[in-house]
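Here's the structure we're looking at; comments come further down.
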Amino acid sequence: EPPLRVIEPVLVAWQNSKNNATIRLPAAEMRDALLRLRLEHGDEECIPIRELVPAAGRDMGANKIAELRLDVPELPAGYHSLFVESASGAWESMLISAPKKLYAEKSREWGAFVPMYSIHSERSWGAGNFTDWRELCLWIGSLGGKVAGTLPVMAAFLDYPTCEPSPYSPASRLFWNEFFIDVTAPPEFQNSTEAKKLASSGDFARKIAAFRRADFIDYKEQWAVRRRVLELLAKEFFSKATPRYAAFRAFVQARPEVEEYARFRAVCDATKTSWHTWDEKAKAGSLTGYSEETKSFYLYIQWLAQEQMDNVLQTCRQRGVKFYLDLPLGVNPDGFDAWRYRDFFAPSVSAGAPPDSFFTKGQDWGFAPLHPQRTRELKYRYVIDYLRFQMRHTGLLRIDHVMGLHRLWWVPHGHPASAGAYVSYPAEELYAILSLESHRYRTMLVGENLGTVPPEVNKSMDRHGLRRMYVLQYEQPTKGPLPDPEPHVVASLNTHDMPSFAAFWKALDIDDRADLGLIPQNNLPREKSSRRQLRENLVTFLRKKKFLSTTRPKTSDVCEAVLKFLAKSPAETVLVTLEDLWDEERSQNVPGTSTERPNWRRKTSRTLEQIIHDRPLESFLRRILQR
């Protein structure tokens, strides 16, 4: 790369601010150089070179390079292009004009969180689906809740080339996970004799009954059963012309990338291997050797997923409920995004985290990070694509590991996580894209800034109006008062990566970490003593603030008292993990484990019907959380 660029590939022009760009050209060419500004919607204007002024502090004589400053005029919000042309060549820069602050709405609201896979009904097939989630959103809205939060529901590998149920290792951030389709909801189910016959057979019914009884989801087995029926629905759908076919074609035409996704999944089914093992033509994008029937199947089920998700979103909007999704930091290295947008990713490294007091060996998360320079040179196309897909469907979007906007820990393949290094990212350009897209889709954003976060990250979040998180387990001191949440935060007792409130209160997570070898046995007494001090301090604080009256409170009493504290706090949003309301002790995920714990597979101990018909639970939410 040359030591001096003619112009940076990406520039940011914050609205209502003074912005400038530096242009560097051989001095002899500067007189005849031409600058053109093309707005996002096509209008163009030329900028005479004489309007530029020399940049301060630059010795232009020594190396015969003229360095001039362009004062960028006030521009409408959008992605514009700035062109520089001279005798040496032509260059283009992406000029992002965006509000300094992200989209925001003033509110004081509460909502509920539960993973979509875990919230199961008596009619579902052993795991959550879009119809169950729609019913849950209706219930949350009926109680005055304004947020329905869940984990990512992006496309996943559940058969080939591997089964990876983690919502944080999606096959794509551009498509839905077809596992969540309510298989019996489409009209094709009622119209298909074969599908109804299969679903009513004794062997099939026994499998569904076993899925419903199980505490944990066997994704591979459940997907195999669901897929058999979905294939029959696809066969029924493509066998005859129906009014629904026009809606299907409109979906494919509106999202042409879905055809490439369907081809990719069809090749995965045919080869049963990762795209990294394919021949060079296939790696480069020329896909052959797949079944057209399988491609059509993936087009059909992605359309069904979108159709059912649209029903969820329509229900949310009608009830004034924001659909709160989580944006994964990365994607599965074998997935569609890593193949289709491979030029954006850094090869031979994984993203992770350095050693700390919790993970003493560091972490290797297994997915390739975005390459900061190449992503800029490619004008952030992939980043904009996946942000738009997420924001089209959310009212509130959580940015996982928000520090990744600033820097990421890269781990070279074949080396331990401790051998990694931090690599910087162009944070202001990423904030500009987030701001522009959040305003266009009227989506509020929250940054996951938990753990060890450099001060400059929180300063940048505040400067651009990116909401923070307030999580009780991080905020609780062993001495002194519990700090109040700031106004612009999403406040909660925990997250999906933490022990439940009951497990935390009873120190069950300490025992679990010891069993995993994360805490030396000789440190157990100190860990438990610290937790005991923390509990005593919190009870003292809650009693002093009159949120707690009992002298020997039960776990549920303390949970209720802390939720009262959050509800009365300045926090704009209070998010309640539903499972905390019935003292669930098991976690959904234990970070740093894979096969050691059944992560991402545990169903709620209560069915959807038991939750929404629980009058004491309903009364509690109405009484405690009305804001």
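Lettering and numbering for the structure tokens are positional, with chains as A, B, ... in the shown order, residues counted from 1 in each chain, and ligands counted from 1 in the shown order.
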
Considering only C-alpha atoms, tabulate each residue of segment 126-180 of chain A that lies at most 9 Å from segment 209-230 of chain A along with its nearest interatomic pair and the corresponding distance in Å to one decimal; arrange the rows by chain and ascending residue number and present them as CSV.
```
residue,atom,partner,partner_atom,distance
A:Gly126,CA,A:Arg212,CA,4.1
A:Ala127,CA,A:Ile217,CA,6.7
A:Leu158,CA,A:Lys220,CA,5.4
A:Asp159,CA,A:Lys220,CA,6.0
A:Cys163,CA,A:Lys220,CA,6.4
A:Glu164,CA,A:Tyr219,CA,8.7
A:Pro165,CA,A:Tyr219,CA,6.9
A:Phe179,CA,A:Trp223,CA,6.6
```

Can I get the selected residues back with C-alpha atoms, as a compact mmCIF listing (two decimals), in the first residue's frame?
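File produced: part_5.txt:
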```txt
# COMPACT_ATOMS: atom_id res chain seq x y z
CA GLY A 126 -40.61 -29.69 21.22
CA ALA A 127 -39.03 -26.25 20.74
CA LEU A 158 -28.38 -28.08 11.76
CA ASP A 159 -27.33 -30.92 9.46
CA CYS A 163 -24.70 -29.11 13.46
CA GLU A 164 -24.02 -25.79 15.18
CA PRO A 165 -26.99 -24.58 17.25
CA PHE A 179 -35.80 -24.22 12.42
```

From segment 68-179 of chain A, collect each residue whose DSSP state is strand (DSSP E or B) and return the set as an MDAnalysis selection string.
chainID A and resid 68:72 78:86 89:98 109:113 147:149 154 158 163 176

Residues of segment 377-441 of chain A in helix (DSSP H, G or I), written as a CSV table (one decimal) with C-alpha atoms, in the first residue's frame:
```
chain,number,residue,atom,x,y,z
A,377,GLU,CA,-12.0,-0.4,0.5
A,381,ARG,CA,-21.2,-3.3,1.5
A,382,TYR,CA,-21.5,-6.4,3.6
A,383,VAL,CA,-21.8,-4.5,6.9
A,384,ILE,CA,-24.6,-2.3,5.5
A,385,ASP,CA,-26.4,-5.3,4.1
A,386,TYR,CA,-26.6,-7.2,7.4
A,387,LEU,CA,-27.4,-4.1,9.4
A,388,ARG,CA,-30.2,-3.3,7.1
A,389,PHE,CA,-31.6,-6.8,7.3
A,390,GLN,CA,-31.5,-6.6,11.1
A,391,MET,CA,-32.9,-3.1,11.4
A,392,ARG,CA,-35.8,-3.8,9.0
A,402,VAL,CA,-19.6,-3.3,21.1
A,403,MET,CA,-15.8,-3.0,21.7
A,404,GLY,CA,-15.5,-4.7,18.3
A,405,LEU,CA,-16.3,-1.3,16.7
A,417,ALA,CA,-5.8,-17.4,22.5
A,418,SER,CA,-3.1,-15.9,24.8
A,419,ALA,CA,-0.9,-15.4,21.7
A,427,ALA,CA,-14.8,3.2,14.8
A,428,GLU,CA,-16.1,6.6,13.6
A,429,GLU,CA,-16.9,5.2,10.2
A,430,LEU,CA,-18.8,2.3,11.8
A,431,TYR,CA,-20.7,4.7,14.1
A,432,ALA,CA,-21.6,6.8,11.1
A,433,ILE,CA,-23.1,3.7,9.3
A,434,LEU,CA,-25.0,2.7,12.5
A,435,SER,CA,-26.4,6.2,12.9
A,436,LEU,CA,-27.5,6.5,9.3
A,437,GLU,CA,-29.2,3.1,9.2
A,438,SER,CA,-30.8,3.6,12.6
A,439,HIS,CA,-32.5,6.8,11.5
A,440,ARG,CA,-33.6,5.2,8.2
A,441,TYR,CA,-35.2,2.3,10.0
```

Do a neighbour search on Gln306 of chain A at 12 Å with only C-alpha atoms, toss out local chain neighbours closer than 3 positions, and write the hits as a PyMOL selection string.
chain A and resi 130+153-155+174-178+180-182+247-248+251-252+255+258+299-303+309-313+389+392-393

Pick out the closest residue to Arg602 of chain A from this set: A:Asn589, A:Thr573, A:Ser424, A:Asn523. Count only C-alpha atoms.
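The closest residue to Arg602 of chain A is A:Asn589.
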
Taking only C-alpha atoms into account, name the residue in A:Gln473, A:Ser200, A:Ser286, A:Thr294 that is nearest to Lys235 of chain A.
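The answer is A:Thr294, which sits nearest to Lys235 of chain A.
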
Excluding His41 of chain A and its own-chain neighbours fewer than 6 positions away, which residues fall within 10 Å of it when counting only C-alpha atoms? Please give them as a compact mmCIF listing (two decimals) with N, CA, C and O atoms, in the first residue's frame.
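See selection-v7.txt below for the written result:
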```txt
# COMPACT_ATOMS: atom_id res chain seq x y z
N GLY A 78 -26.81 10.23 3.84
CA GLY A 78 -26.72 9.20 2.81
C GLY A 78 -25.29 8.79 2.53
O GLY A 78 -24.34 9.30 3.14
N TYR A 79 -25.15 7.86 1.60
CA TYR A 79 -23.84 7.38 1.14
C TYR A 79 -23.54 8.04 -0.20
O TYR A 79 -24.15 7.68 -1.21
N HIS A 80 -22.65 8.99 -0.19
CA HIS A 80 -22.32 9.74 -1.39
C HIS A 80 -20.94 9.31 -1.90
O HIS A 80 -20.22 8.53 -1.24
```

Within 12 Å of Gly451 of chain A, counting only C-alpha atoms, which residues qualify if same-chain residues fewer than 2 places away don't, as a ChimeraX atom specification?
/A:353,356-359,401-403,448-449,453-455,458,469-471,473-475,497-498

Output of the above residues as a PDB file, in the first residue's frame, restricted to N, CA, C and O atoms:
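Heads up, here's the output in result_39.pdb:
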```pdb
ATOM      1  N   ALA A 353     -10.720 -13.212  22.768  1.00  0.00           N
ATOM      2  CA  ALA A 353     -10.481 -12.283  23.867  1.00  0.00           C
ATOM      3  C   ALA A 353      -9.208 -12.697  24.594  1.00  0.00           C
ATOM      4  O   ALA A 353      -8.898 -13.888  24.685  1.00  0.00           O
ATOM      5  N   ASP A 356      -8.120 -13.144  31.053  1.00  0.00           N
ATOM      6  CA  ASP A 356      -8.562 -12.262  32.132  1.00  0.00           C
ATOM      7  C   ASP A 356      -8.802 -13.120  33.366  1.00  0.00           C
ATOM      8  O   ASP A 356      -8.526 -14.322  33.366  1.00  0.00           O
ATOM      9  N   SER A 357      -9.346 -12.525  34.416  1.00  0.00           N
ATOM     10  CA  SER A 357      -9.509 -13.252  35.675  1.00  0.00           C
ATOM     11  C   SER A 357     -10.546 -14.357  35.557  1.00  0.00           C
ATOM     12  O   SER A 357     -10.509 -15.329  36.314  1.00  0.00           O
ATOM     13  N   PHE A 358     -11.482 -14.221  34.609  1.00  0.00           N
ATOM     14  CA  PHE A 358     -12.529 -15.236  34.445  1.00  0.00           C
ATOM     15  C   PHE A 358     -12.075 -16.335  33.491  1.00  0.00           C
ATOM     16  O   PHE A 358     -12.218 -17.520  33.763  1.00  0.00           O
ATOM     17  N   PHE A 359     -11.510 -15.930  32.342  1.00  0.00           N
ATOM     18  CA  PHE A 359     -10.973 -16.888  31.369  1.00  0.00           C
ATOM     19  C   PHE A 359      -9.456 -16.722  31.349  1.00  0.00           C
ATOM     20  O   PHE A 359      -8.912 -15.904  30.600  1.00  0.00           O
ATOM     21  N   HIS A 401     -20.764  -7.328  21.847  1.00  0.00           N
ATOM     22  CA  HIS A 401     -19.342  -6.977  21.984  1.00  0.00           C
ATOM     23  C   HIS A 401     -19.043  -5.663  21.254  1.00  0.00           C
ATOM     24  O   HIS A 401     -18.288  -5.607  20.282  1.00  0.00           O
ATOM     25  N   VAL A 402     -19.662  -4.594  21.756  1.00  0.00           N
ATOM     26  CA  VAL A 402     -19.563  -3.301  21.075  1.00  0.00           C
ATOM     27  C   VAL A 402     -18.124  -2.819  20.963  1.00  0.00           C
ATOM     28  O   VAL A 402     -17.791  -2.002  20.082  1.00  0.00           O
ATOM     29  N   MET A 403     -17.233  -3.325  21.807  1.00  0.00           N
ATOM     30  CA  MET A 403     -15.829  -2.953  21.701  1.00  0.00           C
ATOM     31  C   MET A 403     -15.264  -3.320  20.332  1.00  0.00           C
ATOM     32  O   MET A 403     -14.271  -2.759  19.880  1.00  0.00           O
ATOM     33  N   GLU A 448     -23.441  -3.748  23.804  1.00  0.00           N
ATOM     34  CA  GLU A 448     -23.053  -4.653  24.901  1.00  0.00           C
ATOM     35  C   GLU A 448     -21.639  -4.253  25.336  1.00  0.00           C
ATOM     36  O   GLU A 448     -20.658  -4.618  24.702  1.00  0.00           O
ATOM     37  N   ASN A 449     -21.570  -3.475  26.404  1.00  0.00           N
ATOM     38  CA  ASN A 449     -20.302  -2.916  26.868  1.00  0.00           C
ATOM     39  C   ASN A 449     -19.937  -3.481  28.235  1.00  0.00           C
ATOM     40  O   ASN A 449     -19.406  -2.768  29.093  1.00  0.00           O
ATOM     41  N   VAL A 453     -13.855  -2.848  29.495  1.00  0.00           N
ATOM     42  CA  VAL A 453     -14.047  -2.007  28.307  1.00  0.00           C
ATOM     43  C   VAL A 453     -13.222  -0.736  28.467  1.00  0.00           C
ATOM     44  O   VAL A 453     -13.340  -0.044  29.480  1.00  0.00           O
ATOM     45  N   PRO A 454     -12.371  -0.404  27.497  1.00  0.00           N
ATOM     46  CA  PRO A 454     -11.565   0.816  27.600  1.00  0.00           C
ATOM     47  C   PRO A 454     -12.452   2.061  27.707  1.00  0.00           C
ATOM     48  O   PRO A 454     -13.544   2.098  27.122  1.00  0.00           O
ATOM     49  N   PRO A 455     -12.021   3.071  28.442  1.00  0.00           N
ATOM     50  CA  PRO A 455     -12.840   4.281  28.628  1.00  0.00           C
ATOM     51  C   PRO A 455     -13.266   4.927  27.314  1.00  0.00           C
ATOM     52  O   PRO A 455     -14.364   5.472  27.212  1.00  0.00           O
ATOM     53  N   ASN A 458     -16.767   3.696  25.939  1.00  0.00           N
ATOM     54  CA  ASN A 458     -17.954   4.283  26.556  1.00  0.00           C
ATOM     55  C   ASN A 458     -18.104   5.760  26.182  1.00  0.00           C
ATOM     56  O   ASN A 458     -19.221   6.253  25.996  1.00  0.00           O
ATOM     57  N   MET A 469     -25.582  -0.837  28.571  1.00  0.00           N
ATOM     58  CA  MET A 469     -26.286  -1.837  29.356  1.00  0.00           C
ATOM     59  C   MET A 469     -25.930  -1.653  30.833  1.00  0.00           C
ATOM     60  O   MET A 469     -24.789  -1.307  31.171  1.00  0.00           O
ATOM     61  N   TYR A 470     -26.921  -1.892  31.680  1.00  0.00           N
ATOM     62  CA  TYR A 470     -26.716  -1.911  33.128  1.00  0.00           C
ATOM     63  C   TYR A 470     -27.169  -3.291  33.585  1.00  0.00           C
ATOM     64  O   TYR A 470     -28.351  -3.635  33.477  1.00  0.00           O
ATOM     65  N   VAL A 471     -26.237  -4.088  34.070  1.00  0.00           N
ATOM     66  CA  VAL A 471     -26.544  -5.457  34.480  1.00  0.00           C
ATOM     67  C   VAL A 471     -26.178  -5.619  35.951  1.00  0.00           C
ATOM     68  O   VAL A 471     -25.032  -5.373  36.343  1.00  0.00           O
ATOM     69  N   GLN A 473     -25.510  -8.016  37.937  1.00  0.00           N
ATOM     70  CA  GLN A 473     -24.393  -8.865  38.346  1.00  0.00           C
ATOM     71  C   GLN A 473     -23.042  -8.172  38.169  1.00  0.00           C
ATOM     72  O   GLN A 473     -22.077  -8.508  38.851  1.00  0.00           O
ATOM     73  N   TYR A 474     -22.961  -7.216  37.254  1.00  0.00           N
ATOM     74  CA  TYR A 474     -21.732  -6.451  37.072  1.00  0.00           C
ATOM     75  C   TYR A 474     -21.666  -5.246  38.009  1.00  0.00           C
ATOM     76  O   TYR A 474     -20.583  -4.779  38.358  1.00  0.00           O
ATOM     77  N   GLU A 475     -22.825  -4.732  38.408  1.00  0.00           N
ATOM     78  CA  GLU A 475     -22.860  -3.477  39.147  1.00  0.00           C
ATOM     79  C   GLU A 475     -22.840  -3.658  40.660  1.00  0.00           C
ATOM     80  O   GLU A 475     -22.511  -2.719  41.391  1.00  0.00           O
ATOM     81  N   ASP A 497     -25.569 -14.910  29.001  1.00  0.00           N
ATOM     82  CA  ASP A 497     -24.246 -15.471  29.262  1.00  0.00           C
ATOM     83  C   ASP A 497     -23.926 -15.538  30.754  1.00  0.00           C
ATOM     84  O   ASP A 497     -22.792 -15.831  31.123  1.00  0.00           O
ATOM     85  N   MET A 498     -24.902 -15.262  31.585  1.00  0.00           N
ATOM     86  CA  MET A 498     -24.672 -15.228  33.031  1.00  0.00           C
ATOM     87  C   MET A 498     -25.575 -16.240  33.724  1.00  0.00           C
ATOM     88  O   MET A 498     -26.589 -16.691  33.165  1.00  0.00           O
TER      89      MET A 498
END
```

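For the pair atom CA of Thr443 of chain A and atom CA of Tyr117 of chain A, the separation is 24.1 Å.
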
From the list A:Pro412, A:Gly420, A:Gly352, A:Gly447, which residue is nearest Arg398 of chain A when using only C-alpha atoms?
A:Gly447

Go through A:Ile208, A:Met461, A:Ala305, A:Leu11 and flag the residue nearest Lys100 of chain A, using only C-alpha atoms for the distances.
A:Met461

If we count only C-alpha atoms and set the cut-off at 10 Å, which residues sit around Arg552 of chain A, ignoring sequence neighbours fewer than 5 positions away in its own chain? Please answer as a ChimeraX atom specification.
/A:539,557-558

re atom CA of Asp203 of chain A and atom CA of Ala270 of chain A: distance 27.4 Å

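If only C-alpha atoms are the atoms counted, then among A:Leu232, A:Leu68, A:Ile510, A:Val267 the closest residue to Pro26 of chain A is A:Leu68.
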
Counting only C-alpha atoms, what is within 6 Å of segment 15-22 of chain A, bar same-chain residues fewer than 5 positions away, as a ChimeraX atom specification?
/A:68-72,98-99

Could those selected residues go to a file with C-alpha atoms, as a CSV table (one decimal), in the first residue's frame?
```csv
chain,number,residue,atom,x,y,z
A,68,LEU,CA,-4.9,20.1,0.0
A,69,ARG,CA,-8.0,20.3,2.2
A,70,LEU,CA,-11.5,20.1,0.9
A,71,ASP,CA,-14.1,21.7,3.2
A,72,VAL,CA,-17.1,19.3,2.7
A,98,ALA,CA,-24.9,11.0,9.0
A,99,PRO,CA,-26.4,12.5,12.2
```

Restricting the calculation to only C-alpha atoms: of A:Arg601, A:Phe157, A:Gln373, A:Arg206, which residue gets closest to Cys268 of chain A?
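Of A:Arg601, A:Phe157, A:Gln373, A:Arg206, the one nearest Cys268 of chain A, counting only C-alpha atoms, is A:Phe157.
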
Separation of atom CA of Ala205 of chain A from atom CA of Gly128 of chain A, in Å and rounded to one decimal:
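Answer for the atom CA of Ala205 of chain A to atom CA of Gly128 of chain A separation: 17.7 Å.
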